[in-house]
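As structure tokens, the structure follows; a few thoughts come after it.
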Amino acid sequence: MRQFHRTMKTVETLKEHDVELQFEALLRGLLGRVPFLKLASLRKDARVSPDSTDRADRLAQVIAGNRKWTLVVEERRLGQPREVRTAVLQLESYVKHLPKDVPHYGLLLAPFISEESAKICTEAGIGYADLAGNARLSFDQVFIETRGADNPFREKRETRSLFAPRATRVLRVLLQGPLRPWKVTELSESARVSLGWVSAVRQQLLAREWAAEASGGLRLTKPGAVLDAWAKSDDWEKRTRVQEYSLLLSGDPLHLAEKLQEALKTEPPVFTQWFAGWLRHSHTTPTVVTAYVEKFPDESVIEEKLLARRVSANGGLRLVLPKEEGVLNPSQTVRGFKLVSDVQIYLDLIRAGLRGEEQAAELRKWPDFGGGWA
């Protein structure tokens with residue numbers, strides 16, 4: 001199985017015929033792992049029974065001990081929860097047409113099945129297996145379960161559409177609590193993106209079952225899952241340009257932030273990372289003040305008004321030029337300082353070092369995080 005996995009391409013580059021061959025090899029390999037199980041026949045695009053016109057992707061006749069079982073196989077190119085629920089319903093429909101005296105078992109095959117999708121299958125009494133090596137079969141005396149393989153198929157187009165810069169504008173609005181339903185046009189205006197971007201994000205959220213359609217529009221149902229996936233794909237270095245400054249006189253971060261606001265009063269800074277997290281929900285005393293700026297100020301301004309000088313790293317002041325202005329919407333004001341949203345503070349902190357992950361974790365556990373998700 002491992003050697004087989006190393007030779008696989010991504011889902012995007014696989015042709016239909018390639019996928020079908022890999023699914024067949026997966027099924028044969030999986031059944032071959034059980035010494036007492038014999039594969040009697042395997043048919044593709046087979047009628048479920050003479051009394052039905054329904055055709056399963058594959059029908060396998062297997063002999064377990066002295067009993068003959070029919071495995072009804074459904075194949076899907078995507079293993080997202082919404083797709084999996086549909087596949088489970090399809091399998092349940094197929095097995096209704098099988099003779100009552102023949103033991104049967106439904107099995108779903110997909111390139112990758114997440115833990116959430118696997119749970120849907122298990123609760124429905126359906127087996128599953130994917131090309132990444134995750135599987136669960138439980139019928140007769142057969143029990144196979146392997147879990148833990150990550151998704152080798154990045155589904156690049158979907159990832160780009162959900163966490164692309166303009167798409168994340170939509171996510172910031174949806175994640176701003178209290179969570180509520182949003183109409184497509186209203187969401188487009190608030191996120192400052194086209195209706196097309198809203199529709200693309202909506203489709204992906206629904207497919208992953210991270211959101212649902214309510215009477216008032218689209219509403220996030222699993223904000224934590226959205227933020228976890230976003231944090232995993234976020235890349236601070238790719239989306240920012242940073243200049244750091246060493247302070248000649250170290251002091252109170254509040255005083256430094258006030259001086260920075262005064263120095264940049266025509267184009268006010270928007271604070272993030274340690275200082276912003278500390279203002280929102282204090283946990284660790286900030287040693288660095290970080291702020292987004294519209295443009296980097298002349299260094300003479302920094303030297304004269306802040307008594308600071310440019311350094312390559314480890315500065316007490318960090319100015320950040322965002323490559324995507326959506327990071328600033330929505331924003332908030334705390335104690336006279338303009339901050340990015342809690343979600344953006346979290347993303348900016350989570351891998352920033354200097355105990356930033358601790359501040360991020362404490363901020364997220366706070367009941368008022370993001371305006372409250374309850």
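Labels for the structure tokens follow display order: chains A, B, ..., residues from 1 in each chain, ligands from 1.
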Original post:
Where in stretch 89-232 of chain A does DSSP assign helix (DSSP H, G or I), given as an MDAnalysis selection string?
Top reply: chainID A and resid 89:95 115:124 156:163 165:174 184:191 195:207 223:232
Residues from last step as file, C-alpha atoms, as a PDB file, in the first residue's frame:
ATOM      1  CA  LEU A  89     -27.979   8.127   1.422  1.00  0.00           C
ATOM      2  CA  GLN A  90     -27.242   6.623  -1.989  1.00  0.00           C
ATOM      3  CA  LEU A  91     -25.781   3.480  -0.432  1.00  0.00           C
ATOM      4  CA  GLU A  92     -28.740   3.133   1.940  1.00  0.00           C
ATOM      5  CA  SER A  93     -31.041   3.367  -1.071  1.00  0.00           C
ATOM      6  CA  TYR A  94     -29.094   0.664  -2.919  1.00  0.00           C
ATOM      7  CA  VAL A  95     -29.111  -1.896  -0.103  1.00  0.00           C
ATOM      8  CA  GLU A 115     -12.253  12.530  10.407  1.00  0.00           C
ATOM      9  CA  GLU A 116     -15.538  14.393  10.199  1.00  0.00           C
ATOM     10  CA  SER A 117     -16.559  12.501   7.063  1.00  0.00           C
ATOM     11  CA  ALA A 118     -15.391   9.220   8.606  1.00  0.00           C
ATOM     12  CA  LYS A 119     -17.645   9.848  11.585  1.00  0.00           C
ATOM     13  CA  ILE A 120     -20.640  10.289   9.276  1.00  0.00           C
ATOM     14  CA  CYS A 121     -19.929   6.910   7.682  1.00  0.00           C
ATOM     15  CA  THR A 122     -19.415   5.141  10.999  1.00  0.00           C
ATOM     16  CA  GLU A 123     -22.623   6.488  12.491  1.00  0.00           C
ATOM     17  CA  ALA A 124     -24.526   5.314   9.418  1.00  0.00           C
ATOM     18  CA  LYS A 156      -5.581  23.302  -4.476  1.00  0.00           C
ATOM     19  CA  ARG A 157      -8.392  25.100  -6.272  1.00  0.00           C
ATOM     20  CA  GLU A 158     -10.754  24.738  -3.338  1.00  0.00           C
ATOM     21  CA  THR A 159      -8.125  25.799  -0.818  1.00  0.00           C
ATOM     22  CA  ARG A 160      -7.308  28.857  -2.887  1.00  0.00           C
ATOM     23  CA  SER A 161     -10.958  29.787  -3.221  1.00  0.00           C
ATOM     24  CA  LEU A 162     -11.633  29.498   0.517  1.00  0.00           C
ATOM     25  CA  PHE A 163      -8.455  31.080   1.888  1.00  0.00           C
ATOM     26  CA  PRO A 165      -6.995  36.974   0.108  1.00  0.00           C
ATOM     27  CA  ARG A 166     -10.360  38.177  -1.172  1.00  0.00           C
ATOM     28  CA  ALA A 167     -12.143  35.102   0.156  1.00  0.00           C
ATOM     29  CA  THR A 168     -10.758  35.736   3.646  1.00  0.00           C
ATOM     30  CA  ARG A 169     -12.470  39.127   3.588  1.00  0.00           C
ATOM     31  CA  VAL A 170     -15.731  37.183   3.634  1.00  0.00           C
ATOM     32  CA  LEU A 171     -14.523  34.911   6.443  1.00  0.00           C
ATOM     33  CA  ARG A 172     -13.589  37.873   8.665  1.00  0.00           C
ATOM     34  CA  VAL A 173     -17.100  39.232   8.392  1.00  0.00           C
ATOM     35  CA  LEU A 174     -18.750  35.860   8.993  1.00  0.00           C
ATOM     36  CA  VAL A 184     -25.300  37.245  -0.130  1.00  0.00           C
ATOM     37  CA  THR A 185     -25.638  40.886  -1.174  1.00  0.00           C
ATOM     38  CA  GLU A 186     -25.242  42.132   2.392  1.00  0.00           C
ATOM     39  CA  LEU A 187     -22.144  39.987   2.866  1.00  0.00           C
ATOM     40  CA  SER A 188     -20.699  41.246  -0.411  1.00  0.00           C
ATOM     41  CA  GLU A 189     -21.080  44.865   0.700  1.00  0.00           C
ATOM     42  CA  SER A 190     -19.689  44.307   4.202  1.00  0.00           C
ATOM     43  CA  ALA A 191     -16.708  42.272   2.979  1.00  0.00           C
ATOM     44  CA  LEU A 195     -20.939  38.516  -5.375  1.00  0.00           C
ATOM     45  CA  GLY A 196     -18.836  35.896  -7.158  1.00  0.00           C
ATOM     46  CA  TRP A 197     -16.359  35.702  -4.296  1.00  0.00           C
ATOM     47  CA  VAL A 198     -19.176  35.424  -1.754  1.00  0.00           C
ATOM     48  CA  SER A 199     -20.751  32.596  -3.741  1.00  0.00           C
ATOM     49  CA  ALA A 200     -17.429  30.730  -3.978  1.00  0.00           C
ATOM     50  CA  VAL A 201     -16.856  30.961  -0.225  1.00  0.00           C
ATOM     51  CA  ARG A 202     -20.467  30.015   0.509  1.00  0.00           C
ATOM     52  CA  GLN A 203     -20.184  26.886  -1.647  1.00  0.00           C
ATOM     53  CA  GLN A 204     -17.027  25.692   0.112  1.00  0.00           C
ATOM     54  CA  LEU A 205     -18.353  26.365   3.614  1.00  0.00           C
ATOM     55  CA  LEU A 206     -21.537  24.443   2.884  1.00  0.00           C
ATOM     56  CA  ALA A 207     -19.609  21.541   1.331  1.00  0.00           C
ATOM     57  CA  PRO A 223     -16.494  28.859  13.459  1.00  0.00           C
ATOM     58  CA  GLY A 224     -13.729  27.020  15.308  1.00  0.00           C
ATOM     59  CA  ALA A 225     -13.197  24.615  12.405  1.00  0.00           C
ATOM     60  CA  VAL A 226     -13.039  27.533   9.967  1.00  0.00           C
ATOM     61  CA  LEU A 227     -10.455  29.369  12.061  1.00  0.00           C
ATOM     62  CA  ASP A 228      -8.352  26.226  12.595  1.00  0.00           C
ATOM     63  CA  ALA A 229      -8.191  25.537   8.856  1.00  0.00           C
ATOM     64  CA  TRP A 230      -7.469  29.187   8.111  1.00  0.00           C
ATOM     65  CA  ALA A 231      -4.646  29.324  10.664  1.00  0.00           C
ATOM     66  CA  LYS A 232      -3.123  26.210   9.132  1.00  0.00           C
TER      67      LYS A 232
END
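The shell of residues at most 7 Å from stretch 341-345 of chain A, with only C-alpha atoms counted and near chain neighbours (fewer than 4 positions) removed, consists of Thr272, Gln273, Ala276, Gly277, Val327, Pro330, Ser331, Gln332, Leu349, Phe369 and Gly370 of chain A.
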**OP:** Could you pull out the residues in stretch 45-252 of chain A that DSSP calls strand (DSSP E or B) from the backbone, as a PyMOL selection string?
**Re:** chain A and resi 45-47+55-64+67-75+104-110+127-130+135-139+142-146+182+211-214+217-220+240-247
**OP:** Determine, counting only C-alpha atoms, which protein, DNA and RNA residues have an atom within 6 Å of an atom of stretch 100-104 of chain A; residues of the same chain fewer than 2 positions away are not included. Present the result as a ChimeraX atom specification.
**Re:** /A:69-71
Output file for the selection above: C-alpha atoms, as a tab-separated table (two decimals), in the first residue's frame:
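The result, stored in again10.tsv:
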chain	number	residue	atom	x	y	z
A	69	TRP	CA	-21.60	-11.08	1.55
A	70	THR	CA	-22.46	-8.43	-1.02
A	71	LEU	CA	-20.43	-5.23	-0.76
Subject >> Distance criterion (only C-alpha atoms): nearest to A:Glu237 out of A:Glu267, A:Asp348, A:Glu209, A:Glu304 >> reply: A:Asp348
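Ranking A:Leu108, A:Leu220, A:Ala56, A:Val288 by their shortest atom-to-atom distance to A:Arg85, with only C-alpha atoms included, puts A:Leu108 first.
Nearest-residue note for A:Trp210: choosing from A:Thr284, A:Arg355, A:Arg82, A:Lys38, the minimum distance belongs to A:Arg82, counting only C-alpha atoms.
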Subject >> Which residue of A:Ala361, A:Glu294, A:Val270, A:Gly125 approaches A:Val334 most closely, using only C-alpha atoms >> reply: A:Val270
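Between atom CA of A:Val242 and atom CA of A:His255 lies a distance of 21.5 Å.
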**OP:** Pick out the residues sitting within 8 Å of stretch 315-321 of chain A, and hand them over as a ChimeraX atom specification; count only C-alpha atoms, and ignore anything fewer than 2 positions along from it in its own chain.
**Re:** /A:240-247,287-296,311-313,323
Next, dump the selected residues to file, keeping only N, CA and C atoms, as a PDB file, in the first residue's frame.
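File written: part-v7.pdb
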ATOM      1  N   THR A 240       2.638  39.878   4.078  1.00  0.00           N
ATOM      2  CA  THR A 240       3.068  41.136   4.699  1.00  0.00           C
ATOM      3  C   THR A 240       4.478  41.528   4.262  1.00  0.00           C
ATOM      4  N   ARG A 241       4.761  42.801   4.443  1.00  0.00           N
ATOM      5  CA  ARG A 241       6.140  43.314   4.406  1.00  0.00           C
ATOM      6  C   ARG A 241       6.369  43.990   5.752  1.00  0.00           C
ATOM      7  N   VAL A 242       7.477  43.693   6.377  1.00  0.00           N
ATOM      8  CA  VAL A 242       7.707  44.141   7.750  1.00  0.00           C
ATOM      9  C   VAL A 242       9.001  44.935   7.869  1.00  0.00           C
ATOM     10  N   GLN A 243       8.938  46.019   8.659  1.00  0.00           N
ATOM     11  CA  GLN A 243      10.136  46.758   9.041  1.00  0.00           C
ATOM     12  C   GLN A 243      10.171  46.829  10.564  1.00  0.00           C
ATOM     13  N   GLU A 244      11.333  46.533  11.134  1.00  0.00           N
ATOM     14  CA  GLU A 244      11.480  46.532  12.584  1.00  0.00           C
ATOM     15  C   GLU A 244      12.408  47.652  13.032  1.00  0.00           C
ATOM     16  N   TYR A 245      12.162  48.117  14.258  1.00  0.00           N
ATOM     17  CA  TYR A 245      12.916  49.243  14.794  1.00  0.00           C
ATOM     18  C   TYR A 245      13.316  48.954  16.235  1.00  0.00           C
ATOM     19  N   SER A 246      14.535  49.323  16.541  1.00  0.00           N
ATOM     20  CA  SER A 246      15.041  49.186  17.903  1.00  0.00           C
ATOM     21  C   SER A 246      14.851  50.507  18.630  1.00  0.00           C
ATOM     22  N   LEU A 247      14.357  50.442  19.860  1.00  0.00           N
ATOM     23  CA  LEU A 247      14.074  51.649  20.636  1.00  0.00           C
ATOM     24  C   LEU A 247      15.298  52.026  21.450  1.00  0.00           C
ATOM     25  N   THR A 287       6.181  42.748  24.661  1.00  0.00           N
ATOM     26  CA  THR A 287       7.533  43.284  24.539  1.00  0.00           C
ATOM     27  C   THR A 287       7.757  43.918  23.168  1.00  0.00           C
ATOM     28  N   VAL A 288       6.801  43.726  22.279  1.00  0.00           N
ATOM     29  CA  VAL A 288       6.864  44.295  20.933  1.00  0.00           C
ATOM     30  C   VAL A 288       5.524  44.961  20.631  1.00  0.00           C
ATOM     31  N   VAL A 289       5.566  46.132  20.047  1.00  0.00           N
ATOM     32  CA  VAL A 289       4.363  46.810  19.565  1.00  0.00           C
ATOM     33  C   VAL A 289       4.331  46.666  18.049  1.00  0.00           C
ATOM     34  N   THR A 290       3.257  46.073  17.541  1.00  0.00           N
ATOM     35  CA  THR A 290       3.115  45.814  16.107  1.00  0.00           C
ATOM     36  C   THR A 290       1.901  46.553  15.566  1.00  0.00           C
ATOM     37  N   ALA A 291       2.055  47.170  14.406  1.00  0.00           N
ATOM     38  CA  ALA A 291       0.932  47.898  13.810  1.00  0.00           C
ATOM     39  C   ALA A 291       0.990  47.811  12.289  1.00  0.00           C
ATOM     40  N   TYR A 292      -0.180  47.644  11.698  1.00  0.00           N
ATOM     41  CA  TYR A 292      -0.301  47.758  10.243  1.00  0.00           C
ATOM     42  C   TYR A 292      -0.285  49.238   9.872  1.00  0.00           C
ATOM     43  N   VAL A 293       0.364  49.560   8.761  1.00  0.00           N
ATOM     44  CA  VAL A 293       0.427  50.946   8.287  1.00  0.00           C
ATOM     45  C   VAL A 293       0.097  50.978   6.801  1.00  0.00           C
ATOM     46  N   GLU A 294      -0.376  52.141   6.335  1.00  0.00           N
ATOM     47  CA  GLU A 294      -0.691  52.291   4.916  1.00  0.00           C
ATOM     48  C   GLU A 294       0.574  52.371   4.075  1.00  0.00           C
ATOM     49  N   LYS A 295       1.618  52.943   4.646  1.00  0.00           N
ATOM     50  CA  LYS A 295       2.931  52.994   3.999  1.00  0.00           C
ATOM     51  C   LYS A 295       3.980  53.157   5.083  1.00  0.00           C
ATOM     52  N   PHE A 296       5.191  52.732   4.798  1.00  0.00           N
ATOM     53  CA  PHE A 296       6.250  52.872   5.778  1.00  0.00           C
ATOM     54  C   PHE A 296       6.650  54.341   5.903  1.00  0.00           C
ATOM     55  N   VAL A 311      16.235  48.214  12.282  1.00  0.00           N
ATOM     56  CA  VAL A 311      17.087  47.036  12.483  1.00  0.00           C
ATOM     57  C   VAL A 311      16.545  45.903  11.630  1.00  0.00           C
ATOM     58  N   SER A 312      17.363  44.867  11.450  1.00  0.00           N
ATOM     59  CA  SER A 312      16.942  43.745  10.601  1.00  0.00           C
ATOM     60  C   SER A 312      16.029  42.766  11.336  1.00  0.00           C
ATOM     61  N   ALA A 313      16.153  42.713  12.677  1.00  0.00           N
ATOM     62  CA  ALA A 313      15.332  41.769  13.447  1.00  0.00           C
ATOM     63  C   ALA A 313      15.383  42.135  14.918  1.00  0.00           C
ATOM     64  N   LYS A 323      -0.217  43.171   2.281  1.00  0.00           N
ATOM     65  CA  LYS A 323      -0.357  43.038   0.830  1.00  0.00           C
ATOM     66  C   LYS A 323      -1.824  42.942   0.436  1.00  0.00           C
TER      67      LYS A 323
END
Residue neighbourhood A:Gly127, 12 Å, only C-alpha atoms, exclusion window fewer than 6 positions, as a PDB file with N, CA, C and O atoms, in the first residue's frame:
ATOM      1  N   LEU A  27      -9.593  -1.238  -3.297  1.00  0.00           N
ATOM      2  CA  LEU A  27     -10.564  -2.206  -2.794  1.00  0.00           C
ATOM      3  C   LEU A  27      -9.965  -3.611  -2.730  1.00  0.00           C
ATOM      4  O   LEU A  27     -10.098  -4.314  -1.721  1.00  0.00           O
ATOM      5  N   LEU A  30      -7.417  -3.794   0.053  1.00  0.00           N
ATOM      6  CA  LEU A  30      -8.035  -3.761   1.377  1.00  0.00           C
ATOM      7  C   LEU A  30      -8.606  -5.121   1.753  1.00  0.00           C
ATOM      8  O   LEU A  30      -8.385  -5.630   2.859  1.00  0.00           O
ATOM      9  N   LEU A  71     -20.916  -6.577  -1.082  1.00  0.00           N
ATOM     10  CA  LEU A  71     -20.434  -5.234  -0.762  1.00  0.00           C
ATOM     11  C   LEU A  71     -20.876  -4.274  -1.860  1.00  0.00           C
ATOM     12  O   LEU A  71     -20.553  -4.477  -3.040  1.00  0.00           O
ATOM     13  N   VAL A  72     -21.638  -3.260  -1.486  1.00  0.00           N
ATOM     14  CA  VAL A  72     -22.108  -2.250  -2.431  1.00  0.00           C
ATOM     15  C   VAL A  72     -21.186  -1.047  -2.293  1.00  0.00           C
ATOM     16  O   VAL A  72     -21.074  -0.453  -1.216  1.00  0.00           O
ATOM     17  N   VAL A  73     -20.516  -0.699  -3.388  1.00  0.00           N
ATOM     18  CA  VAL A  73     -19.463   0.309  -3.329  1.00  0.00           C
ATOM     19  C   VAL A  73     -19.888   1.593  -4.049  1.00  0.00           C
ATOM     20  O   VAL A  73     -20.350   1.550  -5.203  1.00  0.00           O
ATOM     21  N   GLU A  74     -19.752   2.688  -3.348  1.00  0.00           N
ATOM     22  CA  GLU A  74     -20.007   4.015  -3.926  1.00  0.00           C
ATOM     23  C   GLU A  74     -18.676   4.760  -3.999  1.00  0.00           C
ATOM     24  O   GLU A  74     -17.919   4.806  -3.018  1.00  0.00           O
ATOM     25  N   GLU A  75     -18.360   5.340  -5.158  1.00  0.00           N
ATOM     26  CA  GLU A  75     -17.102   6.049  -5.353  1.00  0.00           C
ATOM     27  C   GLU A  75     -17.364   7.544  -5.539  1.00  0.00           C
ATOM     28  O   GLU A  75     -18.261   7.923  -6.297  1.00  0.00           O
ATOM     29  N   VAL A  84     -20.226  13.296   1.365  1.00  0.00           N
ATOM     30  CA  VAL A  84     -20.293  11.991   2.030  1.00  0.00           C
ATOM     31  C   VAL A  84     -21.721  11.686   2.483  1.00  0.00           C
ATOM     32  O   VAL A  84     -22.191  10.546   2.370  1.00  0.00           O
ATOM     33  N   ALA A  87     -23.538  10.453  -0.423  1.00  0.00           N
ATOM     34  CA  ALA A  87     -23.104   9.093  -0.769  1.00  0.00           C
ATOM     35  C   ALA A  87     -23.714   8.063   0.175  1.00  0.00           C
ATOM     36  O   ALA A  87     -24.121   6.968  -0.255  1.00  0.00           O
ATOM     37  N   VAL A  88     -23.784   8.382   1.456  1.00  0.00           N
ATOM     38  CA  VAL A  88     -24.373   7.471   2.440  1.00  0.00           C
ATOM     39  C   VAL A  88     -25.845   7.224   2.127  1.00  0.00           C
ATOM     40  O   VAL A  88     -26.332   6.080   2.167  1.00  0.00           O
ATOM     41  N   LEU A  91     -26.052   4.865  -0.818  1.00  0.00           N
ATOM     42  CA  LEU A  91     -25.781   3.480  -0.432  1.00  0.00           C
ATOM     43  C   LEU A  91     -26.969   2.865   0.312  1.00  0.00           C
ATOM     44  O   LEU A  91     -27.325   1.702   0.093  1.00  0.00           O
ATOM     45  N   GLU A  92     -27.575   3.634   1.199  1.00  0.00           N
ATOM     46  CA  GLU A  92     -28.740   3.133   1.940  1.00  0.00           C
ATOM     47  C   GLU A  92     -29.887   2.819   0.993  1.00  0.00           C
ATOM     48  O   GLU A  92     -30.641   1.863   1.198  1.00  0.00           O
ATOM     49  N   HIS A 104     -25.348  -7.881   3.495  1.00  0.00           N
ATOM     50  CA  HIS A 104     -24.787  -6.830   2.644  1.00  0.00           C
ATOM     51  C   HIS A 104     -24.121  -5.746   3.494  1.00  0.00           C
ATOM     52  O   HIS A 104     -24.405  -5.598   4.682  1.00  0.00           O
ATOM     53  N   TYR A 105     -23.268  -4.975   2.833  1.00  0.00           N
ATOM     54  CA  TYR A 105     -22.512  -3.932   3.528  1.00  0.00           C
ATOM     55  C   TYR A 105     -22.180  -2.823   2.532  1.00  0.00           C
ATOM     56  O   TYR A 105     -21.747  -3.093   1.403  1.00  0.00           O
ATOM     57  N   GLY A 106     -22.419  -1.574   2.923  1.00  0.00           N
ATOM     58  CA  GLY A 106     -22.109  -0.431   2.069  1.00  0.00           C
ATOM     59  C   GLY A 106     -20.695   0.064   2.325  1.00  0.00           C
ATOM     60  O   GLY A 106     -20.223   0.085   3.465  1.00  0.00           O
ATOM     61  N   LEU A 107     -20.022   0.476   1.259  1.00  0.00           N
ATOM     62  CA  LEU A 107     -18.634   0.926   1.368  1.00  0.00           C
ATOM     63  C   LEU A 107     -18.416   2.151   0.482  1.00  0.00           C
ATOM     64  O   LEU A 107     -18.774   2.141  -0.699  1.00  0.00           O
ATOM     65  N   LEU A 108     -17.831   3.190   1.060  1.00  0.00           N
ATOM     66  CA  LEU A 108     -17.543   4.424   0.328  1.00  0.00           C
ATOM     67  C   LEU A 108     -16.049   4.530   0.057  1.00  0.00           C
ATOM     68  O   LEU A 108     -15.236   4.353   0.964  1.00  0.00           O
ATOM     69  N   LEU A 109     -15.686   4.845  -1.185  1.00  0.00           N
ATOM     70  CA  LEU A 109     -14.302   5.079  -1.574  1.00  0.00           C
ATOM     71  C   LEU A 109     -14.152   6.523  -2.044  1.00  0.00           C
ATOM     72  O   LEU A 109     -15.003   7.029  -2.777  1.00  0.00           O
ATOM     73  N   ALA A 110     -13.081   7.175  -1.628  1.00  0.00           N
ATOM     74  CA  ALA A 110     -12.810   8.553  -2.036  1.00  0.00           C
ATOM     75  C   ALA A 110     -11.303   8.793  -1.964  1.00  0.00           C
ATOM     76  O   ALA A 110     -10.572   8.029  -1.313  1.00  0.00           O
ATOM     77  N   ILE A 113     -10.778  10.963   3.014  1.00  0.00           N
ATOM     78  CA  ILE A 113     -11.938  11.066   3.890  1.00  0.00           C
ATOM     79  C   ILE A 113     -11.468  11.623   5.229  1.00  0.00           C
ATOM     80  O   ILE A 113     -10.673  10.975   5.927  1.00  0.00           O
ATOM     81  N   SER A 117     -15.850  13.339   8.035  1.00  0.00           N
ATOM     82  CA  SER A 117     -16.559  12.501   7.063  1.00  0.00           C
ATOM     83  C   SER A 117     -16.576  11.043   7.506  1.00  0.00           C
ATOM     84  O   SER A 117     -17.568  10.329   7.314  1.00  0.00           O
ATOM     85  N   ALA A 118     -15.464  10.595   8.105  1.00  0.00           N
ATOM     86  CA  ALA A 118     -15.391   9.220   8.606  1.00  0.00           C
ATOM     87  C   ALA A 118     -16.443   8.984   9.686  1.00  0.00           C
ATOM     88  O   ALA A 118     -17.061   7.911   9.743  1.00  0.00           O
ATOM     89  N   LYS A 119     -16.648   9.972  10.520  1.00  0.00           N
ATOM     90  CA  LYS A 119     -17.645   9.848  11.585  1.00  0.00           C
ATOM     91  C   LYS A 119     -19.048   9.691  11.004  1.00  0.00           C
ATOM     92  O   LYS A 119     -19.868   8.909  11.517  1.00  0.00           O
ATOM     93  N   ILE A 120     -19.332  10.403   9.931  1.00  0.00           N
ATOM     94  CA  ILE A 120     -20.640  10.289   9.276  1.00  0.00           C
ATOM     95  C   ILE A 120     -20.857   8.859   8.793  1.00  0.00           C
ATOM     96  O   ILE A 120     -21.933   8.277   8.972  1.00  0.00           O
ATOM     97  N   CYS A 121     -19.825   8.289   8.172  1.00  0.00           N
ATOM     98  CA  CYS A 121     -19.929   6.910   7.682  1.00  0.00           C
ATOM     99  C   CYS A 121     -20.135   5.920   8.830  1.00  0.00           C
ATOM    100  O   CYS A 121     -21.007   5.047   8.764  1.00  0.00           O
ATOM    101  N   ASN A 134      -6.489   5.768   4.948  1.00  0.00           N
ATOM    102  CA  ASN A 134      -7.483   5.718   6.019  1.00  0.00           C
ATOM    103  C   ASN A 134      -8.600   4.747   5.618  1.00  0.00           C
ATOM    104  O   ASN A 134      -9.045   4.756   4.471  1.00  0.00           O
ATOM    105  N   ALA A 135      -9.037   3.926   6.559  1.00  0.00           N
ATOM    106  CA  ALA A 135     -10.079   2.951   6.216  1.00  0.00           C
ATOM    107  C   ALA A 135     -10.772   2.447   7.466  1.00  0.00           C
ATOM    108  O   ALA A 135     -10.204   2.452   8.558  1.00  0.00           O
ATOM    109  N   ARG A 136     -12.027   2.003   7.275  1.00  0.00           N
ATOM    110  CA  ARG A 136     -12.759   1.309   8.328  1.00  0.00           C
ATOM    111  C   ARG A 136     -13.779   0.375   7.681  1.00  0.00           C
ATOM    112  O   ARG A 136     -14.664   0.824   6.950  1.00  0.00           O
ATOM    113  N   LEU A 137     -13.639  -0.907   7.920  1.00  0.00           N
ATOM    114  CA  LEU A 137     -14.590  -1.920   7.483  1.00  0.00           C
ATOM    115  C   LEU A 137     -14.995  -2.734   8.700  1.00  0.00           C
ATOM    116  O   LEU A 137     -14.126  -3.161   9.480  1.00  0.00           O
ATOM    117  N   SER A 138     -16.282  -2.963   8.852  1.00  0.00           N
ATOM    118  CA  SER A 138     -16.762  -3.736   9.998  1.00  0.00           C
ATOM    119  C   SER A 138     -18.012  -4.511   9.591  1.00  0.00           C
ATOM    120  O   SER A 138     -19.118  -3.967   9.589  1.00  0.00           O
ATOM    121  N   PHE A 139     -17.819  -5.772   9.222  1.00  0.00           N
ATOM    122  CA  PHE A 139     -18.938  -6.656   8.912  1.00  0.00           C
ATOM    123  C   PHE A 139     -18.504  -8.098   9.178  1.00  0.00           C
ATOM    124  O   PHE A 139     -17.326  -8.437   9.086  1.00  0.00           O
ATOM    125  N   VAL A 142     -15.035  -9.420  10.044  1.00  0.00           N
ATOM    126  CA  VAL A 142     -14.027  -8.534   9.444  1.00  0.00           C
ATOM    127  C   VAL A 142     -14.027  -7.192  10.160  1.00  0.00           C
ATOM    128  O   VAL A 142     -15.075  -6.551  10.319  1.00  0.00           O
ATOM    129  N   PHE A 143     -12.869  -6.783  10.608  1.00  0.00           N
ATOM    130  CA  PHE A 143     -12.739  -5.444  11.174  1.00  0.00           C
ATOM    131  C   PHE A 143     -11.368  -4.883  10.800  1.00  0.00           C
ATOM    132  O   PHE A 143     -10.335  -5.429  11.176  1.00  0.00           O
ATOM    133  N   ILE A 144     -11.398  -3.804  10.038  1.00  0.00           N
ATOM    134  CA  ILE A 144     -10.179  -3.092   9.641  1.00  0.00           C
ATOM    135  C   ILE A 144     -10.380  -1.627   9.976  1.00  0.00           C
ATOM    136  O   ILE A 144     -11.404  -1.043   9.631  1.00  0.00           O
ATOM    137  N   GLU A 145      -9.433  -1.033  10.653  1.00  0.00           N
ATOM    138  CA  GLU A 145      -9.510   0.405  10.916  1.00  0.00           C
ATOM    139  C   GLU A 145      -8.105   0.994  10.942  1.00  0.00           C
ATOM    140  O   GLU A 145      -7.247   0.563  11.710  1.00  0.00           O
ATOM    141  N   THR A 146      -7.862   1.936  10.077  1.00  0.00           N
ATOM    142  CA  THR A 146      -6.607   2.698  10.070  1.00  0.00           C
ATOM    143  C   THR A 146      -6.972   4.159   9.967  1.00  0.00           C
ATOM    144  O   THR A 146      -7.825   4.551   9.177  1.00  0.00           O
TER     145      THR A 146
END
Subject >> Atom-to-atom span, atom CA of A:Gly29 and atom CA of A:Asp54, Å >> reply: 26.4 Å
Original post:
Any idea what the distance is between atom CA of A:Trp366 and atom CA of A:Arg219?
Top reply: 21.4 Å
